[in-house]
file target.csv (CSV, C-alpha atoms)
chain,number,residue,atom,x,y,z
A,8,MET,CA,-3.6,3.6,-5.7
A,9,ASN,CA,-2.7,0.9,-8.3
A,10,LEU,CA,-5.8,0.4,-10.4
A,11,VAL,CA,-5.9,-2.5,-13.0
A,12,ILE,CA,-9.1,-3.1,-15.0
A,13,SER,CA,-9.3,-5.9,-17.6
A,14,ASN,CA,-5.6,-6.4,-17.4
A,15,THR,CA,-5.0,-2.7,-18.2
A,16,THR,CA,-3.2,-0.4,-15.7
A,17,ILE,CA,-5.0,2.8,-15.3
A,18,SER,CA,-2.4,5.6,-14.8
A,19,GLN,CA,-3.0,8.7,-12.7
A,20,ASP,CA,-1.7,12.2,-12.7
A,21,ALA,CA,-0.3,14.2,-9.8
A,22,LYS,CA,-3.8,15.0,-8.5
A,23,GLY,CA,-4.8,11.4,-8.5
A,24,ARG,CA,-7.1,11.7,-11.5
A,25,TYR,CA,-7.4,8.6,-13.7
A,26,ASN,CA,-6.4,8.3,-17.3
A,27,LEU,CA,-9.6,8.0,-19.4
A,28,ASN,CA,-7.6,6.8,-22.4
A,29,ASP,CA,-6.4,3.8,-20.3
A,30,LEU,CA,-10.0,3.2,-19.3
A,31,HIS,CA,-11.1,3.3,-22.9
A,32,ARG,CA,-8.5,0.6,-23.8
A,33,ALA,CA,-9.7,-1.4,-20.8
A,34,SER,CA,-13.3,-1.2,-22.1
A,35,GLY,CA,-12.4,-2.6,-25.5
A,36,GLY,CA,-11.3,0.5,-27.3
A,37,ALA,CA,-14.4,1.0,-29.4
A,38,ASP,CA,-14.5,4.2,-31.4
A,39,LYS,CA,-18.0,5.1,-30.0
A,40,HIS,CA,-16.5,4.9,-26.5
A,41,LYS,CA,-13.7,7.4,-27.0
A,42,PRO,CA,-13.1,9.8,-24.1
A,43,SER,CA,-14.0,12.8,-26.3
A,44,HIS,CA,-17.5,11.4,-26.9
A,45,PHE,CA,-18.0,10.8,-23.2
A,46,THR,CA,-16.8,14.2,-22.1
A,47,SER,CA,-18.9,16.0,-24.7
A,48,ASN,CA,-22.2,14.5,-23.9
A,49,GLN,CA,-24.6,16.6,-21.9
A,50,GLN,CA,-25.0,14.2,-19.0
A,51,THR,CA,-21.3,14.2,-18.4
A,52,LYS,CA,-21.1,18.0,-18.8
A,53,ASP,CA,-23.8,18.3,-16.1
A,54,LEU,CA,-21.9,16.0,-13.8
A,55,ILE,CA,-18.7,17.9,-14.3
A,56,ALA,CA,-20.5,21.2,-13.5
A,57,GLU,CA,-21.6,19.7,-10.2
A,58,LEU,CA,-18.2,18.4,-9.4
A,59,LEU,CA,-16.7,21.9,-10.1
A,60,LYS,CA,-18.9,23.2,-7.3
A,61,THR,CA,-17.4,21.0,-4.6
A,62,GLY,CA,-13.9,19.9,-5.8
A,63,ASP,CA,-10.6,21.4,-4.9
A,64,PHE,CA,-9.3,21.1,-8.4
A,65,PRO,CA,-10.8,20.6,-11.9
A,66,PRO,CA,-12.4,17.1,-12.3
A,67,VAL,CA,-11.2,16.8,-15.8
A,68,LYS,CA,-7.8,17.7,-17.3
A,69,THR,CA,-6.5,17.0,-20.8
A,70,THR,CA,-2.8,17.1,-21.5
A,71,VAL,CA,-0.9,16.7,-24.8
A,72,GLY,CA,2.4,15.1,-25.6
A,73,ARG,CA,3.9,11.6,-25.2
A,74,ASN,CA,2.3,10.9,-21.9
A,75,GLY,CA,-0.8,13.0,-22.6
A,76,GLY,CA,-4.4,12.1,-22.2
A,77,THR,CA,-7.6,13.0,-20.5
A,78,TYR,CA,-7.6,12.5,-16.7
A,79,VAL,CA,-10.7,12.5,-14.6
A,80,VAL,CA,-11.7,12.1,-10.9
A,81,LYS,CA,-13.1,8.9,-9.5
A,82,GLU,CA,-16.8,10.0,-9.9
A,83,LEU,CA,-16.3,10.4,-13.6
A,84,VAL,CA,-14.6,7.0,-13.8
A,85,TYR,CA,-17.8,5.4,-12.4
A,86,ALA,CA,-19.9,7.5,-14.8
A,87,TYR,CA,-17.7,6.4,-17.8
A,88,GLY,CA,-18.1,2.8,-16.8
A,89,MET,CA,-21.9,3.1,-16.6
A,90,TRP,CA,-21.8,4.9,-20.0
A,91,ILE,CA,-20.0,2.0,-21.6
A,92,ASN,CA,-22.2,-0.9,-20.4
A,93,ALA,CA,-23.4,-2.7,-17.3
A,94,ALA,CA,-20.6,-5.3,-17.4
A,95,PHE,CA,-17.8,-2.7,-17.6
A,96,HIS,CA,-19.5,-0.6,-14.9
A,97,LEU,CA,-19.6,-3.5,-12.6
A,98,ASP,CA,-15.9,-4.3,-13.3
A,99,VAL,CA,-15.0,-0.7,-12.4
A,100,ILE,CA,-17.0,-0.8,-9.1
A,101,ARG,CA,-15.5,-4.1,-8.0
A,102,THR,CA,-12.0,-3.0,-8.8
A,103,PHE,CA,-12.4,0.2,-6.8
A,104,ASP,CA,-13.9,-1.8,-3.9
A,105,LYS,CA,-11.0,-4.3,-3.9
A,106,VAL,CA,-8.4,-1.5,-3.9
A,107,ALA,CA,-10.2,0.3,-1.1
A,108,ASN,CA,-10.3,-2.9,1.0
A,109,ASP,CA,-6.6,-3.5,0.3
A,110,ILE,CA,-5.8,0.0,1.5
A,111,GLY,CA,-7.7,-0.7,4.7
A,112,ASP,CA,-5.9,-3.9,5.3
A,113,TRP,CA,-2.5,-2.2,4.7
A,114,ARG,CA,-3.3,0.5,7.2
A,115,LYS,CA,-4.2,-2.0,9.8
A,116,LEU,CA,-0.9,-3.9,9.2
A,117,ARG,CA,1.0,-0.6,9.2
A,118,HIS,CA,-0.4,0.2,12.6
A,119,GLN,CA,0.3,-3.3,13.9
A,120,SER,CA,3.9,-3.2,12.8
A,121,ALA,CA,4.3,0.2,14.6
A,122,SER,CA,2.7,-1.1,17.8
A,123,SER,CA,4.8,-4.3,17.9
A,124,PHE,CA,8.0,-2.3,17.4
A,125,LYS,CA,7.0,-0.1,20.3
A,126,VAL,CA,6.3,-3.2,22.5
A,127,ALA,CA,9.7,-4.6,21.6
A,128,ASN,CA,11.5,-1.3,22.5
A,129,ASP,CA,9.6,-1.0,25.8
A,130,LEU,CA,10.6,-4.5,26.7
A,131,LEU,CA,14.2,-3.9,25.7
A,132,LYS,CA,14.3,-0.9,28.0
A,133,LEU,CA,12.7,-2.8,31.0
A,134,VAL,CA,15.1,-5.7,30.6
A,135,ARG,CA,18.2,-3.5,30.4
A,136,GLU,CA,17.0,-1.5,33.5
A,137,ALA,CA,16.5,-4.7,35.4
A,138,ASN,CA,20.2,-5.5,34.6
A,139,GLY,CA,21.3,-2.0,35.7
A,140,LYS,CA,21.9,-0.8,32.2
A,141,GLU,CA,20.8,2.4,30.4
A,142,THR,CA,19.1,2.2,27.0
A,143,GLU,CA,20.3,4.7,24.4
A,144,SER,CA,19.0,5.5,21.0
A,145,HIS,CA,21.5,3.2,19.2
A,146,HIS,CA,20.1,0.2,21.1
A,147,TYR,CA,16.7,0.9,19.6
A,148,SER,CA,18.2,1.4,16.1
A,149,ASN,CA,20.1,-1.8,16.4
A,150,GLU,CA,16.9,-3.7,17.0
A,151,ALA,CA,15.3,-2.0,14.0
A,152,ARG,CA,18.2,-2.9,11.8
A,153,LEU,CA,18.1,-6.5,13.1
A,154,ILE,CA,14.4,-6.8,12.0
A,155,ASN,CA,15.2,-5.1,8.7
A,156,TRP,CA,18.0,-7.5,8.0
A,157,ALA,CA,15.7,-10.5,8.6
A,158,LEU,CA,13.2,-8.8,6.1
A,159,THR,CA,15.6,-7.6,3.4
A,160,GLY,CA,18.9,-9.3,4.0
A,161,GLU,CA,20.6,-5.9,4.7
A,162,PHE,CA,21.3,-3.9,7.9
A,163,LYS,CA,19.8,-0.7,6.6
A,164,GLY,CA,16.7,1.5,7.1
A,165,VAL,CA,13.4,0.5,5.6
A,166,ASP,CA,10.7,3.0,4.7
A,167,ARG,CA,7.7,1.1,6.2
A,168,ASP,CA,5.3,3.4,4.5
A,169,GLN,CA,6.5,1.9,1.3
A,170,CYS,CA,6.3,-1.7,2.4
A,171,THR,CA,3.8,-4.1,0.9
A,172,SER,CA,1.1,-5.7,3.1
A,173,SER,CA,3.0,-9.0,3.3
A,174,ASP,CA,6.2,-7.2,4.3
A,175,LEU,CA,4.3,-5.3,7.1
A,176,ASP,CA,2.8,-8.6,8.2
A,177,LEU,CA,6.2,-10.2,8.4
A,178,LEU,CA,7.7,-7.2,10.2
A,179,ALA,CA,5.0,-7.3,12.9
A,180,HIS,CA,5.5,-11.0,13.3
A,181,LEU,CA,9.3,-10.6,13.7
A,182,GLN,CA,9.0,-7.7,16.1
A,183,GLU,CA,6.5,-9.7,18.3
A,184,ARG,CA,8.9,-12.7,18.3
A,185,ASN,CA,11.8,-10.4,19.1
A,186,ALA,CA,9.9,-8.9,22.0
A,187,VAL,CA,9.4,-12.4,23.4
A,188,LEU,CA,13.1,-13.3,23.0
A,189,ILE,CA,14.1,-10.0,24.7
A,190,GLY,CA,11.7,-10.8,27.6
A,191,ARG,CA,13.4,-14.2,28.0
A,192,GLY,CA,16.7,-12.4,28.4
A,193,LEU,CA,18.4,-13.5,25.2
A,194,GLN,CA,21.2,-11.2,24.0
A,195,TYR,CA,21.4,-9.6,20.6
A,196,ASP,CA,23.8,-12.2,19.1
A,197,GLN,CA,21.6,-15.0,20.5
A,198,ARG,CA,18.5,-13.5,18.9
A,199,LYS,CA,20.0,-12.8,15.5
A,200,PRO,CA,19.9,-16.4,14.0
A,201,ILE,CA,16.6,-17.1,15.7
A,202,ILE,CA,14.9,-14.0,14.1
A,203,LYS,CA,16.4,-15.0,10.7
A,204,GLN,CA,14.9,-18.5,11.1
A,205,TYR,CA,11.5,-17.0,12.1
A,206,ALA,CA,11.6,-15.0,8.8
A,207,MET,CA,12.4,-18.1,6.8
A,208,ASP,CA,9.7,-20.1,8.5
A,209,TRP,CA,7.1,-17.3,7.9
A,210,ARG,CA,7.9,-17.1,4.2
A,211,MET,CA,7.6,-20.9,3.8
A,212,ALA,CA,4.3,-20.9,5.6
A,213,HIS,CA,3.0,-18.0,3.5
A,214,ALA,CA,4.5,-19.0,0.1
A,215,PRO,CA,1.2,-19.9,-1.5
A,216,GLN,CA,-0.3,-16.5,-0.5
A,217,LEU,CA,2.7,-14.6,-1.7
A,218,ALA,CA,2.7,-16.3,-5.1
A,219,ALA,CA,-1.0,-15.6,-5.6
call {"tool": "encode", "arguments": {"input": "target.csv", "output": "structure tokens"}}
result
Amino acid sequence: MNLVISNTTISQDAKGRYNLNDLHRASGGADKHKPSHFTSNQQTKDLIAELLKTGDFPPVKTTVGRNGGTYVVKELVYAYGMWINAAFHLDVIRTFDKVANDIGDWRKLRHQSASSFKVANDLLKLVREANGKETESHHYSNEARLINWALTGEFKGVDRDQCTSSDLDLLAHLQERNAVLIGRGLQYDQRKPIIKQYAMDWRMAHAPQLAA
């Protein structure tokens, strides 16, 4: 989860805990709001004690060194925001809500891209069967590389779990268009320039959104 508050990126450790030192900078960096003051107050200690009862790992971890800092779970991020002031607390809440919504949208687009790829593959198999041809694994991989080429400019594999929402949206669009072209009986070489043009048209139509 990429969390940015007040133009400050909040880093995370391997357990997904958030860097309280980054949050301190995002809040304005006042001495009275140092992480050590927050973690040492009784209300925070009580909350940490409750979190220890239900968590799978410590809710707070402090590391030293170049990339050191105090890392805390999300519940303590909310508590820290509330401890600072109402405005910063609201900024924290809205930022987490936006990230959660973005993740939800990404998951929907990831599912859509997987579904449209399956539809295109199913149509490919049906069309080839109608023409008395068998469909082997390399036929499917050729179709995947065609779509990847329209997306990235290279005939190579793409880890779709690492794609952005806009990339997934474009992938689903291209796969849906490719399925239509396959259903119309167009051969691979005929579809290739059309799919490339579809990608260019999509990017032109979505340019304002991509730049935002």
call {"tool": "closest_residue", "arguments": {"input": "target.csv", "among": "A:Lys132, A:Lys41, A:Lys203, A:Lys52", "to": "Leu178 in chain A", "atoms": "all atoms listed in the file"}}
result
A:Lys203
call {"tool": "closest_residue", "arguments": {"input": "target.csv", "among": "A:His44, A:Arg24, A:Arg73, A:Arg184", "to": "Ala206 in chain A", "atoms": "all atoms listed in the file"}}
result
A:Arg184
call {"tool": "closest_residue", "arguments": {"input": "target.csv", "among": "A:Ile110, A:Leu181, A:Leu188, A:Val126", "to": "Ala157 in chain A", "atoms": "only C-alpha atoms"}}
result
A:Leu181
call {"tool": "closest_residue", "arguments": {"input": "target.csv", "among": "A:Ser13, A:Trp90, A:Gln19, A:Trp209", "to": "Lys39 in chain A", "atoms": "all atoms listed in the file"}}
result
A:Trp90
call {"tool": "residues_around", "arguments": {"input": "target.csv", "residues": "Ala186 in chain A", "least_positions_apart": "2", "cutoff": "9 Å", "atoms": "all atoms listed in the file", "output": "PyMOL selection string"}}
result
chain A and resi 123-124+126-131+181-184+188-191
call {"tool": "write_last_selection", "arguments": {"input": "target.csv", "atoms": "C-alpha atoms", "output": "compact mmCIF listing (two decimals), in the coordinates of the input"}}
result
# COMPACT_ATOMS: atom_id res chain seq x y z
CA SER A 123 4.80 -4.30 17.90
CA PHE A 124 8.00 -2.30 17.40
CA VAL A 126 6.30 -3.20 22.50
CA ALA A 127 9.70 -4.60 21.60
CA ASN A 128 11.50 -1.30 22.50
CA ASP A 129 9.60 -1.00 25.80
CA LEU A 130 10.60 -4.50 26.70
CA LEU A 131 14.20 -3.90 25.70
CA LEU A 181 9.30 -10.60 13.70
CA GLN A 182 9.00 -7.70 16.10
CA GLU A 183 6.50 -9.70 18.30
CA ARG A 184 8.90 -12.70 18.30
CA LEU A 188 13.10 -13.30 23.00
CA ILE A 189 14.10 -10.00 24.70
CA GLY A 190 11.70 -10.80 27.60
CA ARG A 191 13.40 -14.20 28.00
call {"tool": "build_atoms", "arguments": {"input": "target.csv", "residues": "range 31-67 of chain A", "atoms": "N, CA and C atoms", "output": "short mmCIF file (atom, residue, chain, number, x, y, z; two decimals), in the coordinates of the input"}}
result
data_model
loop_
_atom_site.label_atom_id
_atom_site.label_comp_id
_atom_site.auth_asym_id
_atom_site.auth_seq_id
_atom_site.Cartn_x
_atom_site.Cartn_y
_atom_site.Cartn_z
N HIS A 31 -10.51 3.62 -21.62
CA HIS A 31 -11.10 3.30 -22.90
C HIS A 31 -10.47 2.04 -23.50
N ARG A 32 -9.16 1.88 -23.33
CA ARG A 32 -8.50 0.60 -23.80
C ARG A 32 -9.04 -0.56 -23.00
N ALA A 33 -9.20 -0.36 -21.67
CA ALA A 33 -9.70 -1.40 -20.80
C ALA A 33 -11.10 -1.87 -21.21
N SER A 34 -11.89 -0.92 -21.71
CA SER A 34 -13.30 -1.20 -22.10
C SER A 34 -13.41 -1.92 -23.40
N GLY A 35 -12.32 -1.98 -24.15
CA GLY A 35 -12.40 -2.60 -25.50
C GLY A 35 -11.91 -1.73 -26.59
N GLY A 36 -11.85 -0.42 -26.33
CA GLY A 36 -11.30 0.50 -27.30
C GLY A 36 -12.23 0.84 -28.49
N ALA A 37 -13.51 0.66 -28.34
CA ALA A 37 -14.40 1.00 -29.40
C ALA A 37 -14.44 2.46 -29.73
N ASP A 38 -14.55 2.81 -31.02
CA ASP A 38 -14.50 4.20 -31.40
C ASP A 38 -15.68 5.01 -30.74
N LYS A 39 -16.84 4.37 -30.62
CA LYS A 39 -18.00 5.10 -30.00
C LYS A 39 -17.80 5.36 -28.55
N HIS A 40 -16.79 4.72 -27.93
CA HIS A 40 -16.50 4.90 -26.50
C HIS A 40 -15.31 5.78 -26.24
N LYS A 41 -14.85 6.51 -27.23
CA LYS A 41 -13.70 7.40 -27.00
C LYS A 41 -13.98 8.42 -25.95
N PRO A 42 -12.95 8.78 -25.18
CA PRO A 42 -13.10 9.80 -24.10
C PRO A 42 -13.76 11.06 -24.56
N SER A 43 -13.43 11.50 -25.78
CA SER A 43 -14.00 12.80 -26.30
C SER A 43 -15.49 12.70 -26.42
N HIS A 44 -16.01 11.53 -26.80
CA HIS A 44 -17.50 11.40 -26.90
C HIS A 44 -18.12 11.41 -25.55
N PHE A 45 -17.44 10.81 -24.58
CA PHE A 45 -18.00 10.80 -23.20
C PHE A 45 -18.02 12.17 -22.60
N THR A 46 -16.91 12.91 -22.71
CA THR A 46 -16.80 14.20 -22.10
C THR A 46 -17.68 15.28 -22.77
N SER A 47 -18.08 15.01 -24.00
CA SER A 47 -18.90 16.00 -24.70
C SER A 47 -20.37 15.80 -24.62
N ASN A 48 -20.79 14.65 -24.03
CA ASN A 48 -22.20 14.50 -23.90
C ASN A 48 -22.80 15.29 -22.77
N GLN A 49 -24.05 15.65 -22.86
CA GLN A 49 -24.60 16.60 -21.90
C GLN A 49 -24.68 16.07 -20.49
N GLN A 50 -24.96 14.81 -20.34
CA GLN A 50 -25.00 14.20 -19.00
C GLN A 50 -23.68 14.35 -18.29
N THR A 51 -22.61 14.10 -19.02
CA THR A 51 -21.30 14.20 -18.40
C THR A 51 -20.96 15.68 -18.13
N LYS A 52 -21.35 16.58 -19.02
CA LYS A 52 -21.10 18.00 -18.80
C LYS A 52 -21.83 18.47 -17.50
N ASP A 53 -23.04 17.98 -17.29
CA ASP A 53 -23.80 18.30 -16.10
C ASP A 53 -23.11 17.81 -14.83
N LEU A 54 -22.58 16.59 -14.91
CA LEU A 54 -21.90 16.00 -13.80
C LEU A 54 -20.60 16.78 -13.48
N ILE A 55 -19.89 17.16 -14.52
CA ILE A 55 -18.70 17.90 -14.30
C ILE A 55 -18.98 19.28 -13.68
N ALA A 56 -20.08 19.90 -14.10
CA ALA A 56 -20.50 21.20 -13.50
C ALA A 56 -20.76 21.04 -12.02
N GLU A 57 -21.38 19.94 -11.62
CA GLU A 57 -21.60 19.70 -10.20
C GLU A 57 -20.35 19.45 -9.44
N LEU A 58 -19.45 18.70 -10.04
CA LEU A 58 -18.20 18.40 -9.40
C LEU A 58 -17.33 19.67 -9.22
N LEU A 59 -17.45 20.60 -10.16
CA LEU A 59 -16.70 21.90 -10.10
C LEU A 59 -17.14 22.68 -8.84
N LYS A 60 -18.38 22.47 -8.39
CA LYS A 60 -18.90 23.20 -7.30
C LYS A 60 -18.27 22.80 -5.93
N THR A 61 -17.85 21.55 -5.86
CA THR A 61 -17.40 21.00 -4.60
C THR A 61 -15.92 20.57 -4.58
N GLY A 62 -15.32 20.43 -5.76
CA GLY A 62 -13.90 19.90 -5.80
C GLY A 62 -12.90 20.98 -5.54
N ASP A 63 -11.71 20.51 -5.14
CA ASP A 63 -10.60 21.40 -4.90
C ASP A 63 -9.76 21.67 -6.11
N PHE A 64 -10.01 20.90 -7.16
CA PHE A 64 -9.30 21.10 -8.40
C PHE A 64 -10.19 20.58 -9.55
N PRO A 65 -9.90 20.95 -10.81
CA PRO A 65 -10.80 20.60 -11.90
C PRO A 65 -10.94 19.05 -12.00
N PRO A 66 -12.16 18.57 -12.20
CA PRO A 66 -12.40 17.10 -12.30
C PRO A 66 -11.91 16.49 -13.56
N VAL A 67 -11.65 17.33 -14.57
CA VAL A 67 -11.20 16.80 -15.80
C VAL A 67 -9.96 17.67 -16.28
#
